[in-house]
$ cat model-v4.pdb   # PDB, C-alpha atoms
ATOM      1  CA  ALA A1278      31.608  -5.328  -5.424  1.00  0.00           C
ATOM      2  CA  PRO A1279      33.917  -5.671  -2.453  1.00  0.00           C
ATOM      3  CA  ILE A1280      32.946  -7.695   0.583  1.00  0.00           C
ATOM      4  CA  VAL A1281      32.507  -5.683   3.774  1.00  0.00           C
ATOM      5  CA  SER A1282      35.668  -5.884   5.826  1.00  0.00           C
ATOM      6  CA  GLY A1283      35.921  -5.552   9.578  1.00  0.00           C
ATOM      7  CA  PRO A1284      33.816  -6.777  12.481  1.00  0.00           C
ATOM      8  CA  LYS A1285      30.389  -6.290  10.832  1.00  0.00           C
ATOM      9  CA  SER A1286      31.061  -9.130   8.402  1.00  0.00           C
ATOM     10  CA  THR A1287      31.054 -11.648  11.259  1.00  0.00           C
ATOM     11  CA  LEU A1288      28.339 -10.194  13.495  1.00  0.00           C
ATOM     12  CA  PRO A1289      25.312 -12.411  14.252  1.00  0.00           C
ATOM     13  CA  LEU A1290      22.004 -10.978  13.039  1.00  0.00           C
ATOM     14  CA  ASN A1291      20.824  -9.507  16.339  1.00  0.00           C
ATOM     15  CA  GLU A1292      24.106  -7.660  16.814  1.00  0.00           C
ATOM     16  CA  LEU A1293      24.255  -6.674  13.150  1.00  0.00           C
ATOM     17  CA  PHE A1294      20.877  -4.946  13.340  1.00  0.00           C
ATOM     18  CA  SER A1295      21.874  -3.158  16.553  1.00  0.00           C
ATOM     19  CA  SER A1296      25.102  -1.938  14.969  1.00  0.00           C
ATOM     20  CA  TYR A1297      23.042   0.031  12.429  1.00  0.00           C
ATOM     21  CA  SER A1298      20.106   0.958  14.678  1.00  0.00           C
ATOM     22  CA  ASN A1299      22.304   2.233  17.524  1.00  0.00           C
ATOM     23  CA  GLN A1300      20.469  -0.199  19.807  1.00  0.00           C
ATOM     24  CA  GLY A1301      17.112   1.273  18.763  1.00  0.00           C
ATOM     25  CA  PRO A1302      14.027  -0.458  17.273  1.00  0.00           C
ATOM     26  CA  GLU A1303      14.681   0.641  13.676  1.00  0.00           C
ATOM     27  CA  ILE A1304      17.473   1.502  11.281  1.00  0.00           C
ATOM     28  CA  CYS A1305      17.057   5.074  10.088  1.00  0.00           C
ATOM     29  CA  ASP A1306      18.889   8.309   9.281  1.00  0.00           C
ATOM     30  CA  ASP A1307      22.663   7.868   9.745  1.00  0.00           C
ATOM     31  CA  GLY A1308      22.254   4.138  10.327  1.00  0.00           C
ATOM     32  CA  MET A1309      20.437   3.734   7.019  1.00  0.00           C
ATOM     33  CA  ASP A1310      23.101   5.769   5.232  1.00  0.00           C
ATOM     34  CA  THR A1311      25.788   3.492   6.673  1.00  0.00           C
ATOM     35  CA  LEU A1312      23.858   0.363   5.689  1.00  0.00           C
ATOM     36  CA  MET A1313      23.485   1.671   2.123  1.00  0.00           C
ATOM     37  CA  ARG A1314      27.226   2.323   1.935  1.00  0.00           C
ATOM     38  CA  ASP A1315      28.040  -1.145   3.269  1.00  0.00           C
ATOM     39  CA  LEU A1316      25.763  -2.644   0.614  1.00  0.00           C
ATOM     40  CA  ASN A1317      27.364  -0.477  -2.113  1.00  0.00           C
ATOM     41  CA  ILE A1318      24.023   1.187  -2.879  1.00  0.00           C
ATOM     42  CA  ASP A1319      23.727   4.851  -3.794  1.00  0.00           C
ATOM     43  CA  ALA A1320      21.141   6.166  -1.325  1.00  0.00           C
ATOM     44  CA  ASP A1321      19.903   8.706  -3.897  1.00  0.00           C
ATOM     45  CA  SER A1322      19.437   6.206  -6.712  1.00  0.00           C
ATOM     46  CA  GLY A1323      16.613   3.956  -7.830  1.00  0.00           C
ATOM     47  CA  ASP A1324      18.589   1.037  -6.415  1.00  0.00           C
ATOM     48  CA  SER A1325      17.824   2.251  -2.899  1.00  0.00           C
ATOM     49  CA  LEU A1326      14.112   1.912  -3.700  1.00  0.00           C
ATOM     50  CA  ILE A1327      14.670  -1.631  -4.963  1.00  0.00           C
ATOM     51  CA  PHE A1328      16.387  -2.398  -1.650  1.00  0.00           C
ATOM     52  CA  CYS A1329      13.265  -1.169   0.165  1.00  0.00           C
ATOM     53  CA  TYR A1330      11.190  -3.467  -2.063  1.00  0.00           C
ATOM     54  CA  VAL A1331      13.480  -6.448  -1.426  1.00  0.00           C
ATOM     55  CA  MET A1332      13.264  -5.855   2.337  1.00  0.00           C
ATOM     56  CA  ASN A1333       9.478  -5.255   2.120  1.00  0.00           C
ATOM     57  CA  MET A1334       9.870  -1.989   4.019  1.00  0.00           C
ATOM     58  CA  GLN A1335       6.718  -0.049   4.827  1.00  0.00           C
ATOM     59  CA  SER A1336       8.347   3.342   5.283  1.00  0.00           C
ATOM     60  CA  PHE A1337      11.245   5.041   3.526  1.00  0.00           C
ATOM     61  CA  ASN A1338      14.415   5.429   5.609  1.00  0.00           C
ATOM     62  CA  SER A1339      13.051   3.194   8.358  1.00  0.00           C
ATOM     63  CA  LEU A1340      13.896  -0.514   8.466  1.00  0.00           C
ATOM     64  CA  THR A1341      12.277  -2.144  11.489  1.00  0.00           C
ATOM     65  CA  ARG A1342      13.586  -5.159  13.336  1.00  0.00           C
ATOM     66  CA  PRO A1343      10.708  -7.441  12.186  1.00  0.00           C
ATOM     67  CA  GLU A1344      11.259  -6.367   8.546  1.00  0.00           C
ATOM     68  CA  PHE A1345      14.997  -6.994   8.853  1.00  0.00           C
ATOM     69  CA  ASP A1346      14.621 -10.381  10.536  1.00  0.00           C
ATOM     70  CA  SER A1347      11.939 -11.524   8.083  1.00  0.00           C
ATOM     71  CA  ALA A1348      13.944 -10.566   4.991  1.00  0.00           C
ATOM     72  CA  MET A1349      17.195 -12.045   6.295  1.00  0.00           C
ATOM     73  CA  THR A1350      15.507 -15.327   7.223  1.00  0.00           C
ATOM     74  CA  LYS A1351      13.456 -15.575   4.020  1.00  0.00           C
ATOM     75  CA  ASN A1352      16.531 -15.053   1.864  1.00  0.00           C
ATOM     76  CA  SER A1353      18.910 -17.201   3.954  1.00  0.00           C
ATOM     77  CA  CYS A1354      21.181 -14.256   4.746  1.00  0.00           C
ATOM     78  CA  LYS A1355      23.362 -14.872   7.787  1.00  0.00           C
ATOM     79  CA  ASN A1356      25.504 -11.732   7.691  1.00  0.00           C
ATOM     80  CA  ILE A1357      26.015  -8.409   5.936  1.00  0.00           C
ATOM     81  CA  ASP A1358      27.977 -10.012   3.079  1.00  0.00           C
ATOM     82  CA  ASP A1359      25.111 -12.418   2.370  1.00  0.00           C
ATOM     83  CA  LEU A1360      22.705  -9.475   2.310  1.00  0.00           C
ATOM     84  CA  ARG A1361      24.966  -7.516  -0.027  1.00  0.00           C
ATOM     85  CA  ARG A1362      25.217 -10.416  -2.459  1.00  0.00           C
ATOM     86  CA  HIS A1363      21.476 -11.093  -2.311  1.00  0.00           C
ATOM     87  CA  THR A1364      20.551  -7.427  -2.765  1.00  0.00           C
ATOM     88  CA  ASP A1365      22.987  -7.019  -5.647  1.00  0.00           C
ATOM     89  CA  GLY A1366      21.466 -10.053  -7.360  1.00  0.00           C
ATOM     90  CA  GLU A1367      17.906  -8.872  -6.783  1.00  0.00           C
ATOM     91  CA  ILE A1368      18.641  -5.389  -8.141  1.00  0.00           C
ATOM     92  CA  SER A1369      19.983  -6.928 -11.367  1.00  0.00           C
ATOM     93  CA  ARG A1370      17.093  -9.407 -11.596  1.00  0.00           C
ATOM     94  CA  ILE A1371      14.350  -6.834 -11.053  1.00  0.00           C
ATOM     95  CA  LYS A1372      15.858  -4.373 -13.524  1.00  0.00           C
ATOM     96  CA  GLY A1373      16.037  -7.108 -16.143  1.00  0.00           C
ATOM     97  CA  ASN A1374      12.558  -8.559 -15.641  1.00  0.00           C
ATOM     98  CA  GLY A1375       9.672  -6.508 -17.023  1.00  0.00           C
ATOM     99  CA  SER A1376       6.890  -8.064 -14.943  1.00  0.00           C
ATOM    100  CA  GLU A1377       8.932  -7.922 -11.731  1.00  0.00           C
ATOM    101  CA  TYR A1378       9.928  -4.324 -12.405  1.00  0.00           C
ATOM    102  CA  HIS A1379       6.244  -3.487 -12.862  1.00  0.00           C
ATOM    103  CA  LYS A1380       5.472  -4.999  -9.436  1.00  0.00           C
ATOM    104  CA  PHE A1381       8.306  -2.958  -7.962  1.00  0.00           C
ATOM    105  CA  PHE A1382       7.060   0.185  -9.754  1.00  0.00           C
ATOM    106  CA  ASN A1383       3.595  -0.265  -8.238  1.00  0.00           C
ATOM    107  CA  PHE A1384       5.093  -1.005  -4.802  1.00  0.00           C
ATOM    108  CA  VAL A1385       6.699   2.447  -4.826  1.00  0.00           C
ATOM    109  CA  PHE A1386       3.261   4.123  -5.017  1.00  0.00           C
ATOM    110  CA  LYS A1387       2.094   2.533  -1.769  1.00  0.00           C
ATOM    111  CA  PHE A1388       5.527   2.834  -0.209  1.00  0.00           C
ATOM    112  CA  SER A1389       5.661   6.574  -0.929  1.00  0.00           C
ATOM    113  CA  ASN A1390       2.258   6.902   0.737  1.00  0.00           C
ATOM    114  CA  SER A1391       3.377   5.120   3.915  1.00  0.00           C
ATOM    115  CA  GLU A1392       1.590   7.623   6.159  1.00  0.00           C
ATOM    116  CA  ASN A1393      -1.678   6.878   4.368  1.00  0.00           C
ATOM    117  CA  PRO A1394      -1.258   3.467   2.669  1.00  0.00           C
ATOM    118  CA  LEU A1395      -4.908   3.209   1.598  1.00  0.00           C
ATOM    119  CA  SER A1396      -4.788   6.494  -0.304  1.00  0.00           C
ATOM    120  CA  ARG A1397      -5.496   6.283  -4.035  1.00  0.00           C
ATOM    121  CA  THR A1398      -3.584   9.476  -4.816  1.00  0.00           C
ATOM    122  CA  ILE A1399      -0.090  10.828  -4.240  1.00  0.00           C
ATOM    123  CA  ALA A1400       1.038  14.462  -4.398  1.00  0.00           C
ATOM    124  CA  ALA A1401       2.753  15.413  -7.658  1.00  0.00           C
ATOM    125  CA  GLU A1402       5.619  17.149  -5.875  1.00  0.00           C
ATOM    126  CA  THR A1403       6.405  13.874  -4.100  1.00  0.00           C
ATOM    127  CA  ALA A1404       5.691  11.514  -6.976  1.00  0.00           C
ATOM    128  CA  THR A1405       7.234  13.236  -9.989  1.00  0.00           C
ATOM    129  CA  PRO A1406      10.918  12.868  -8.981  1.00  0.00           C
ATOM    130  CA  LEU A1407      10.316   9.199  -8.150  1.00  0.00           C
ATOM    131  CA  ILE A1408       8.482   8.509 -11.406  1.00  0.00           C
ATOM    132  CA  MET A1409      11.269  10.093 -13.428  1.00  0.00           C
ATOM    133  CA  ILE A1410      13.913   7.905 -11.771  1.00  0.00           C
ATOM    134  CA  LEU A1411      11.799   4.779 -12.234  1.00  0.00           C
ATOM    135  CA  ILE A1412      10.990   5.466 -15.887  1.00  0.00           C
ATOM    136  CA  GLU A1413      14.625   6.154 -16.730  1.00  0.00           C
ATOM    137  CA  ARG A1414      15.585   2.760 -15.301  1.00  0.00           C
ATOM    138  CA  SER A1415      12.752   0.843 -16.978  1.00  0.00           C
ATOM    139  CA  SER A1416      13.213  -1.301 -20.086  1.00  0.00           C
ATOM    140  CA  ASN A1417      11.420   1.307 -22.234  1.00  0.00           C
ATOM    141  CA  GLY A1418      12.918   4.319 -20.500  1.00  0.00           C
ATOM    142  CA  ASN A1419      14.989   5.411 -23.489  1.00  0.00           C
ATOM    143  CA  THR A1420      12.327   5.394 -26.224  1.00  0.00           C
ATOM    144  CA  PRO A1421      11.201   8.609 -27.976  1.00  0.00           C
ATOM    145  CA  VAL A1422       7.830   8.592 -26.185  1.00  0.00           C
ATOM    146  CA  ALA A1423       9.442   7.909 -22.799  1.00  0.00           C
ATOM    147  CA  LYS A1424      11.791  10.862 -23.280  1.00  0.00           C
ATOM    148  CA  LYS A1425       8.821  13.092 -24.119  1.00  0.00           C
ATOM    149  CA  LEU A1426       6.875  11.797 -21.114  1.00  0.00           C
ATOM    150  CA  LEU A1427       9.823  12.606 -18.847  1.00  0.00           C
ATOM    151  CA  GLU A1428       9.920  16.088 -20.359  1.00  0.00           C
ATOM    152  CA  PHE A1429       6.186  16.452 -19.755  1.00  0.00           C
ATOM    153  CA  PHE A1430       6.530  15.407 -16.123  1.00  0.00           C
ATOM    154  CA  LYS A1431       9.422  17.795 -15.599  1.00  0.00           C
ATOM    155  CA  GLU A1432       7.714  20.776 -17.227  1.00  0.00           C
ATOM    156  CA  VAL A1433       4.082  20.262 -16.242  1.00  0.00           C
ATOM    157  CA  ARG A1434       3.995  18.057 -13.171  1.00  0.00           C
ATOM    158  CA  SER A1435       7.099  18.662 -11.055  1.00  0.00           C
ATOM    159  CA  GLU A1436       5.955  22.063  -9.783  1.00  0.00           C
ATOM    160  CA  SER A1437       2.220  21.385  -9.824  1.00  0.00           C
ATOM    161  CA  SER A1438       1.223  22.451  -6.346  1.00  0.00           C
ATOM    162  CA  GLY A1439      -1.985  20.769  -5.266  1.00  0.00           C
ATOM    163  CA  LYS A1440      -1.984  18.290  -8.145  1.00  0.00           C
ATOM    164  CA  VAL A1441      -1.883  14.554  -7.591  1.00  0.00           C
ATOM    165  CA  TYR A1442      -1.305  11.280  -9.400  1.00  0.00           C
ATOM    166  CA  LYS A1443      -4.063   8.715  -9.089  1.00  0.00           C
ATOM    167  CA  ARG A1444      -3.211   5.083  -8.473  1.00  0.00           C
ATOM    168  CA  ASP A1445      -4.609   3.987 -11.847  1.00  0.00           C
ATOM    169  CA  GLU A1446      -2.474   6.630 -13.586  1.00  0.00           C
ATOM    170  CA  TRP A1447       0.653   5.475 -11.778  1.00  0.00           C
ATOM    171  CA  GLU A1448      -0.007   1.796 -12.506  1.00  0.00           C
ATOM    172  CA  SER A1449      -0.641   2.547 -16.202  1.00  0.00           C
ATOM    173  CA  ILE A1450       2.684   4.307 -16.870  1.00  0.00           C
ATOM    174  CA  LEU A1451       4.766   1.243 -17.736  1.00  0.00           C
ATOM    175  CA  PRO A1452       2.031  -0.410 -19.853  1.00  0.00           C
ATOM    176  CA  PHE A1453       1.623   2.922 -21.677  1.00  0.00           C
ATOM    177  CA  LEU A1454       5.352   3.072 -22.458  1.00  0.00           C
ATOM    178  CA  GLU A1455       5.253  -0.551 -23.559  1.00  0.00           C
ATOM    179  CA  LYS A1456       2.511   0.211 -26.087  1.00  0.00           C
ATOM    180  CA  TYR A1457       3.723   3.614 -27.278  1.00  0.00           C
ATOM    181  CA  ARG A1458       7.424   3.721 -28.004  1.00  0.00           C
ATOM    182  CA  SER A1459       8.044   5.765 -31.164  1.00  0.00           C
ATOM    183  CA  ASN A1460       5.027   8.089 -31.293  1.00  0.00           C
ATOM    184  CA  LEU A1461       1.377   8.567 -30.292  1.00  0.00           C
ATOM    185  CA  ASP A1462      -0.102   8.256 -33.788  1.00  0.00           C
ATOM    186  CA  ASP A1463      -2.543   5.521 -32.758  1.00  0.00           C
ATOM    187  CA  TYR A1464      -3.317   6.936 -29.309  1.00  0.00           C
ATOM    188  CA  ASP A1465      -6.793   6.139 -28.007  1.00  0.00           C
ATOM    189  CA  ASP A1466      -8.660   7.692 -25.111  1.00  0.00           C
ATOM    190  CA  ALA A1467      -9.023   4.497 -23.093  1.00  0.00           C
ATOM    191  CA  TRP A1468      -6.115   5.566 -20.870  1.00  0.00           C
ATOM    192  CA  PRO A1469      -6.452   7.513 -17.589  1.00  0.00           C
ATOM    193  CA  THR A1470      -6.734  11.312 -17.744  1.00  0.00           C
ATOM    194  CA  LEU A1471      -3.014  11.853 -17.178  1.00  0.00           C
ATOM    195  CA  PHE A1472      -2.259  10.413 -20.606  1.00  0.00           C
ATOM    196  CA  ASP A1473      -4.913  12.523 -22.311  1.00  0.00           C
ATOM    197  CA  GLN A1474      -3.120  15.552 -20.859  1.00  0.00           C
ATOM    198  CA  PHE A1475       0.193  14.211 -22.090  1.00  0.00           C
ATOM    199  CA  GLN A1476      -1.204  13.560 -25.565  1.00  0.00           C
ATOM    200  CA  GLU A1477      -2.510  17.142 -25.775  1.00  0.00           C
ATOM    201  CA  TRP A1478       0.858  18.498 -24.669  1.00  0.00           C
ATOM    202  CA  TYR A1479       2.699  16.146 -27.037  1.00  0.00           C
ATOM    203  CA  THR A1480       0.760  17.233 -30.123  1.00  0.00           C
ATOM    204  CA  LYS A1481       1.013  21.004 -29.534  1.00  0.00           C
TER     205      LYS A1481
END
$ encode --input "model-v4.pdb" --output "C-alpha cells"
Amino acid sequence: APIVSGPKSTLPLNELFSSYSNQGPEICDDGMDTLMRDLNIDADSGDSLIFCYVMNMQSFNSLTRPEFDSAMTKNSCKNIDDLRRHTDGEISRIKGNGSEYHKFFNFVFKFSNSENPLSRTIAAETATPLIMILIERSSNGNTPVAKKLLEFFKEVRSESSGKVYKRDEWESILPFLEKYRSNLDDYDDAWPTLFDQFQEWYTK
C-alpha cells in the first residue's frame, strides 16, 4: 500500500487529528471518510470495523481525541504512515487468528449498541448485515453450513422487523461454525434458540 504523500505525512499528532476533525473534538462524517481513504481502508468493508476495534472506538463513525491519542501512543504511531502500517498489520493479524477474530466479532456487538452498551440484544435489521460481513470474512466463512447460515440470515432475519439477536446468540455464531462445517447431522439442542430456528429451516 502506498505511503500517504503530502503534508499529512509529517504532521505532529495534535495537528494530524485536527486535520481530520476540522478542529472539532472528534473525527466523523467527511473526516472519517478521508481518514479511511488515507489508510487505504474501504469504509464499507469489514476492515473498517477492524479499524474501529484497533482504535478501541466506542461509537461508529466517531473517533474521539482521547481514543486517537491513546491508540497512537499505545502502538507507537507518530504519524499517519505509522498508523497505516500498524492498521494494515493488525487487519491481517486479526483475520488470520481465530481467537483474536472471535474477540473482534464479539466487540462488534457492543460497538453496534453504542447508544445502549449494556443491552443484551441488538435489532436484527442492524445486526444482520454486520453478521453477514463478519461471517464471510471468518476462517469458516466458506463452509457448506456457513453458506446456509448466511442464506438463512438473508431470507429470515434481514427483514425481521421487531426481531433481535441476543448477546449469547451473537457470541455463539463462530463456535457454532467451528463445530458444524459440512452439515448438521449431529446437531444438539444445547445451542441458543437462534440455532434451533436455523436447524429447523435447514432441514425443511
$ atom_distance --input "model-v4.pdb" --atom1 "atom CA of A:Ser1286" --atom2 "atom CA of A:Asn1356"
6.2 Å
$ closest_residue --input "model-v4.pdb" --among "A:Gln1476, A:Thr1287, A:Ser1396, A:Ser1322" --to "A:Ile1368" --atoms "all atoms listed in the file"
A:Ser1322
$ closest_atom_pairs --input "model-v4.pdb" --of "stretch 1329-1407 of chain A" --to "stretch 1451-1474 of chain A" --cutoff "12 Å" --atoms "only C-alpha atoms" --output "tab-separated table"
residue	atom	partner	partner_atom	distance
A:Gly1375	CA	A:Leu1451	CA	9.2
A:Ser1376	CA	A:Leu1451	CA	9.9
A:Glu1377	CA	A:Leu1451	CA	11.7
A:Tyr1378	CA	A:Leu1451	CA	9.3
A:His1379	CA	A:Leu1451	CA	7.0
A:Lys1380	CA	A:Leu1451	CA	10.4
A:Phe1381	CA	A:Leu1451	CA	11.2
A:Phe1382	CA	A:Leu1451	CA	8.4
A:Asn1383	CA	A:Leu1451	CA	9.7
A:Ala1401	CA	A:Leu1471	CA	11.7
$ resolve_selection --input "model-v4.pdb" --expression "the PyMOL selection byres ((chain A and resi 1328-1339) around 6)" --output "compact mmCIF listing (two decimals) with C-alpha atoms, in the frame of the given file"
# COMPACT_ATOMS: atom_id res chain seq x y z
CA ILE A 1304 17.47 1.50 11.28
CA CYS A 1305 17.06 5.07 10.09
CA SER A 1325 17.82 2.25 -2.90
CA LEU A 1326 14.11 1.91 -3.70
CA ILE A 1327 14.67 -1.63 -4.96
CA LEU A 1340 13.90 -0.51 8.47
CA ALA A 1348 13.94 -10.57 4.99
CA PHE A 1388 5.53 2.83 -0.21
CA SER A 1391 3.38 5.12 3.92
$ resolve_selection --input "model-v4.pdb" --expression "the PyMOL selection byres ((chain A and resi 1398) around 8)" --output "ChimeraX atom specification"
/A:1396-1397,1399-1400,1441-1444
$ build_atoms --input "model-v4.pdb" --residues "stretch 1454-1475 of chain A" --atoms "N, CA, C and O atoms" --output "short mmCIF file (atom, residue, chain, number, x, y, z; two decimals), keeping the file's coordinate frame"
data_model
loop_
_atom_site.label_atom_id
_atom_site.label_comp_id
_atom_site.auth_asym_id
_atom_site.auth_seq_id
_atom_site.Cartn_x
_atom_site.Cartn_y
_atom_site.Cartn_z
N LEU A 1454 4.06 2.98 -21.78
CA LEU A 1454 5.35 3.07 -22.46
C LEU A 1454 5.69 1.80 -23.22
O LEU A 1454 6.49 1.83 -24.16
N GLU A 1455 5.08 0.69 -22.82
CA GLU A 1455 5.25 -0.55 -23.56
C GLU A 1455 4.51 -0.48 -24.90
O GLU A 1455 5.00 -0.96 -25.93
N LYS A 1456 3.33 0.14 -24.87
CA LYS A 1456 2.51 0.21 -26.09
C LYS A 1456 2.99 1.31 -27.03
O LYS A 1456 3.03 1.13 -28.25
N TYR A 1457 3.33 2.46 -26.46
CA TYR A 1457 3.72 3.61 -27.28
C TYR A 1457 5.22 3.88 -27.09
O TYR A 1457 5.64 4.37 -26.05
N ARG A 1458 5.97 3.56 -28.10
CA ARG A 1458 7.42 3.72 -28.00
C ARG A 1458 7.95 4.82 -28.93
O ARG A 1458 8.74 5.65 -28.50
N SER A 1459 7.51 4.81 -30.18
CA SER A 1459 8.04 5.76 -31.16
C SER A 1459 7.22 7.05 -31.25
O SER A 1459 7.77 8.14 -31.39
N ASN A 1460 5.90 6.92 -31.16
CA ASN A 1460 5.03 8.09 -31.29
C ASN A 1460 3.65 7.76 -30.72
O ASN A 1460 3.41 6.64 -30.26
N LEU A 1461 2.75 8.75 -30.80
CA LEU A 1461 1.38 8.57 -30.29
C LEU A 1461 0.36 8.58 -31.43
O LEU A 1461 -0.81 8.92 -31.22
N ASP A 1462 0.78 8.17 -32.61
CA ASP A 1462 -0.10 8.26 -33.79
C ASP A 1462 -1.40 7.47 -33.61
O ASP A 1462 -2.46 7.89 -34.10
N ASP A 1463 -1.33 6.34 -32.93
CA ASP A 1463 -2.54 5.52 -32.76
C ASP A 1463 -3.09 5.61 -31.33
O ASP A 1463 -3.73 4.69 -30.84
N TYR A 1464 -2.84 6.76 -30.69
CA TYR A 1464 -3.32 6.94 -29.31
C TYR A 1464 -4.84 6.87 -29.25
O TYR A 1464 -5.54 7.44 -30.09
N ASP A 1465 -5.35 6.16 -28.24
CA ASP A 1465 -6.79 6.14 -28.01
C ASP A 1465 -7.07 6.68 -26.61
O ASP A 1465 -6.17 6.79 -25.79
N ASP A 1466 -8.33 7.02 -26.36
CA ASP A 1466 -8.66 7.69 -25.11
C ASP A 1466 -9.09 6.73 -24.01
O ASP A 1466 -9.78 7.11 -23.06
N ALA A 1467 -8.67 5.48 -24.12
CA ALA A 1467 -9.02 4.50 -23.09
C ALA A 1467 -8.11 4.59 -21.88
O ALA A 1467 -8.34 3.91 -20.87
N TRP A 1468 -7.08 5.43 -21.96
CA TRP A 1468 -6.12 5.57 -20.87
C TRP A 1468 -6.61 6.57 -19.84
O TRP A 1468 -7.46 7.41 -20.14
N PRO A 1469 -6.07 6.52 -18.61
CA PRO A 1469 -6.45 7.51 -17.59
C PRO A 1469 -6.17 8.94 -18.04
O PRO A 1469 -5.39 9.18 -18.98
N THR A 1470 -6.77 9.90 -17.36
CA THR A 1470 -6.73 11.31 -17.74
C THR A 1470 -5.32 11.85 -17.91
O THR A 1470 -5.06 12.69 -18.80
N LEU A 1471 -4.40 11.40 -17.10
CA LEU A 1471 -3.01 11.85 -17.18
C LEU A 1471 -2.48 11.74 -18.60
O LEU A 1471 -1.78 12.64 -19.10
N PHE A 1472 -2.81 10.66 -19.27
CA PHE A 1472 -2.26 10.41 -20.61
C PHE A 1472 -2.97 11.23 -21.68
O PHE A 1472 -2.37 11.56 -22.71
N ASP A 1473 -4.23 11.58 -21.42
CA ASP A 1473 -4.91 12.52 -22.31
C ASP A 1473 -4.21 13.88 -22.24
O ASP A 1473 -4.01 14.55 -23.27
N GLN A 1474 -3.84 14.29 -21.03
CA GLN A 1474 -3.12 15.55 -20.86
C GLN A 1474 -1.77 15.52 -21.56
O GLN A 1474 -1.35 16.48 -22.21
N PHE A 1475 -1.10 14.38 -21.44
CA PHE A 1475 0.19 14.21 -22.09
C PHE A 1475 0.04 14.25 -23.61
O PHE A 1475 0.83 14.90 -24.31
#
